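Data block below; observations after.
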Amino acid sequence: MPSAKARTKRETPTLSAEQVCDKIRSAILAGELRPGDKLTEQDLAEEYFVSRTPVREAIRQLEVERLVSRTRFVGVTVAQLKPSEIIELLDIREVLEGLVARRAANEIQPAQRTRLRKTFDQMAKSAKDGDVTRYLDAALAFRRILAECSRSETLIEYVMAIENRLRLMGNRTALIPGRMQAAIVEHKKLLQAIEAGDSEAAEQLNRERIQHIRADVERSFSFSIL
């Protein structure tokens, strides 16, 4: 009689390489797989009940997204951002999210405005309660809705790629003293500009928001940015 493990493996629908990639990516972004953690094809294949081929393809895609890296004699590990890389990503993010805010102020629809306001209220409550996890979830949702409002698939793709790489930092920025509270004030002003249809103010405010994050992150480093 087949073992329980064998029955489970046979009864589990086979995952595609794309689905395996989604699962590994989600685990990385959720912090279940942390920077520096080693990934092996065999372990992942056993975890997801697939052959090593879709795992290999998934890892290649995650290498392209720079969420994992391959090092000689070490193998594949979850990527670790250098301080200089974090600053560079924030510089790029500033420009992209400034454009997102400008377009959102011009393109936002009534239903999106309602979602954005509701999500901001969730952010504010979480910050007041000191709930970092809920705050980060709401802040990410706010940025995703804002990106959707830009009505540009290309811009959304670039913004989320930068977002995903910066999430390798975990909750570092939210834990900087005063950052959550300052972020609520910044997001409130940004939301008001977008609701007023003031594209120039929206772009400037969103760029300034990222500049403040960059300054706080630089101050939080205990070593120089090279």
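As shown in the structure tokens, the chain order sets the letters A, B, ...; within each chain, residues go from 1, and ligands are also counted from 1 in the order they appear.
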| Sel. of strand (DSSP E) residues, region 7-198 of chain A, as a list in words | Lys38, Leu39, Val68, Ser69, Arg70, Thr71, Gly75, Val76, Thr77 and Val78 of chain A
Only N, CA and C atoms, please: the residues just picked out, written as a PDB file, in the first residue's frame.
```pdb
ATOM      1  N   LYS A  38      20.041  29.602   1.823  1.00  0.00           N
ATOM      2  CA  LYS A  38      20.429  28.815   0.663  1.00  0.00           C
ATOM      3  C   LYS A  38      19.225  28.076   0.097  1.00  0.00           C
ATOM      4  N   LEU A  39      19.131  28.046  -1.224  1.00  0.00           N
ATOM      5  CA  LEU A  39      18.052  27.353  -1.916  1.00  0.00           C
ATOM      6  C   LEU A  39      18.660  26.224  -2.749  1.00  0.00           C
ATOM      7  N   VAL A  68      17.238  36.334  -6.086  1.00  0.00           N
ATOM      8  CA  VAL A  68      18.198  35.322  -5.654  1.00  0.00           C
ATOM      9  C   VAL A  68      19.497  35.542  -6.420  1.00  0.00           C
ATOM     10  N   SER A  69      20.578  35.023  -5.877  1.00  0.00           N
ATOM     11  CA  SER A  69      21.870  35.157  -6.547  1.00  0.00           C
ATOM     12  C   SER A  69      22.595  33.819  -6.489  1.00  0.00           C
ATOM     13  N   ARG A  70      23.471  33.614  -7.460  1.00  0.00           N
ATOM     14  CA  ARG A  70      24.232  32.369  -7.550  1.00  0.00           C
ATOM     15  C   ARG A  70      25.719  32.691  -7.361  1.00  0.00           C
ATOM     16  N   THR A  71      26.330  32.010  -6.410  1.00  0.00           N
ATOM     17  CA  THR A  71      27.733  32.245  -6.101  1.00  0.00           C
ATOM     18  C   THR A  71      28.516  30.944  -6.210  1.00  0.00           C
ATOM     19  N   GLY A  75      26.389  28.279  -4.229  1.00  0.00           N
ATOM     20  CA  GLY A  75      25.129  27.917  -4.847  1.00  0.00           C
ATOM     21  C   GLY A  75      24.172  29.089  -4.876  1.00  0.00           C
ATOM     22  N   VAL A  76      22.884  28.796  -4.861  1.00  0.00           N
ATOM     23  CA  VAL A  76      21.848  29.826  -4.951  1.00  0.00           C
ATOM     24  C   VAL A  76      21.383  30.229  -3.558  1.00  0.00           C
ATOM     25  N   THR A  77      21.352  31.523  -3.314  1.00  0.00           N
ATOM     26  CA  THR A  77      20.871  32.041  -2.032  1.00  0.00           C
ATOM     27  C   THR A  77      19.922  33.210  -2.273  1.00  0.00           C
ATOM     28  N   VAL A  78      19.087  33.499  -1.282  1.00  0.00           N
ATOM     29  CA  VAL A  78      18.232  34.679  -1.352  1.00  0.00           C
ATOM     30  C   VAL A  78      19.146  35.902  -1.343  1.00  0.00           C
TER      31      VAL A  78
END
```
| request: Could you please write out, as a ChimeraX atom specification, every residue of region 6-215 of chain A that DSSP assigns to alpha helix (DSSP H)? | output: /A:6-11,17-29,41-48,52-64,83-107,110-129,132-149,153-166,179-195,199-215
Per residue of region 13-83 of chain A within 12 Å of region 128-140 of chain A, note the shortest atom pair and the distance in Å to one decimal, counting only C-alpha atoms, and order the rows by chain and increasing residue number, as JSON lines.
```
{"residue": "A:Leu29", "atom": "CA", "partner": "A:Asp137", "partner_atom": "CA", "distance": 11.4}
{"residue": "A:Ala30", "atom": "CA", "partner": "A:Asp137", "partner_atom": "CA", "distance": 10.2}
{"residue": "A:Gly31", "atom": "CA", "partner": "A:Thr133", "partner_atom": "CA", "distance": 11.4}
```
The selected residues should be written to file as a short mmCIF file (atom, residue, chain, number, x, y, z; two decimals), in the first residue's frame (atoms: N, CA and C atoms).
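Okay, this is what ended up in part-v6.cif:
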```cif
data_model
loop_
_atom_site.label_atom_id
_atom_site.label_comp_id
_atom_site.auth_asym_id
_atom_site.auth_seq_id
_atom_site.Cartn_x
_atom_site.Cartn_y
_atom_site.Cartn_z
N LEU A 29 9.39 37.42 -0.31
CA LEU A 29 8.83 38.73 0.00
C LEU A 29 8.12 38.76 1.34
N ALA A 30 7.63 37.60 1.78
CA ALA A 30 6.96 37.52 3.08
C ALA A 30 7.96 37.35 4.22
N GLY A 31 9.24 37.17 3.87
CA GLY A 31 10.25 37.00 4.90
C GLY A 31 10.40 35.59 5.40
#
```
| field | Selection near region 178-188 of chain A, 10 Å with only C-alpha atoms, sequence-local residues under 5 positions removed, as a PyMOL selection string | value | chain A and resi 117+120-121+123-128+130+132+135-136+139+142+173+193-194+205-206+208-210+212-213+216-217
| task | For Pro54 (chain A), work out the shell of residues within 12 Å, counting only C-alpha atoms and skipping chain neighbours fewer than 5 positions away, then give it as an MDAnalysis selection string. | result | chainID A and resid 14:24 41:42 44:46 48:49 59:61
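Nearest to Arg151 (chain A) of all the residues A:Gln112, A:Thr40, A:Ser26, A:Gln192 is A:Gln112, counting only C-alpha atoms.
In this structure, CA of Glu97 (chain A) sits 6.8 Å away from CA of Arg207 (chain A).
Taking CA of Val95 (chain A) as the reference point, CA of Lys189 (chain A) is found at 18.3 Å.
Going from CA of Ser150 (chain A) over to CA of Gln109 (chain A), you cover 10.2 Å.
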| query | Could you name the residues that touch region 156-172 of chain A at 7 Å or less, counting only C-alpha atoms, but leaving out those on the same chain fewer than 4 positions away, as a VMD selection string? | reply | chain A and resid 29 31 35 67 86 89 93 96 147 to 148 152 176
Just want the 8 Å neighbourhood of Ala202 (chain A), counted on only C-alpha atoms, with same-chain residues fewer than 5 positions away dropped. Output as a compact mmCIF listing (two decimals) with N, CA and C atoms, in the first residue's frame.
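Below is the file that was written, result_14.txt:
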```txt
# COMPACT_ATOMS: atom_id res chain seq x y z
N GLY A 98 7.48 59.35 -8.42
CA GLY A 98 7.06 60.71 -8.72
C GLY A 98 6.17 60.72 -9.95
N ALA A 101 2.70 59.24 -9.18
CA ALA A 101 1.81 60.19 -8.51
C ALA A 101 1.26 61.24 -9.49
N ARG A 102 2.12 61.71 -10.38
CA ARG A 102 1.68 62.70 -11.39
C ARG A 102 0.56 62.12 -12.25
N ALA A 105 -2.79 61.47 -10.29
CA ALA A 105 -3.59 62.68 -10.04
C ALA A 105 -4.47 63.01 -11.24
N LEU A 190 0.01 63.65 0.23
CA LEU A 190 0.01 63.08 -1.12
C LEU A 190 -1.41 62.75 -1.56
N LEU A 191 -2.17 62.13 -0.68
CA LEU A 191 -3.55 61.77 -0.99
C LEU A 191 -4.39 63.01 -1.29
N ALA A 193 -3.36 65.86 -2.48
CA ALA A 193 -2.96 66.41 -3.78
C ALA A 193 -3.57 65.60 -4.91
N ILE A 194 -3.58 64.30 -4.76
CA ILE A 194 -4.15 63.44 -5.80
C ILE A 194 -5.66 63.66 -5.90
```
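Distances to Cys149 (chain A) were evaluated for A:Ala215, A:Ala174, A:Val100, A:Leu33 using only C-alpha atoms, and the minimum falls at A:Val100.
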| query | With only C-alpha atoms as the basis for distance, which of A:Glu94, A:Lys118, A:Arg34, A:Ala27 is at the shortest distance from Gln211 (chain A)? | reply | A:Glu94
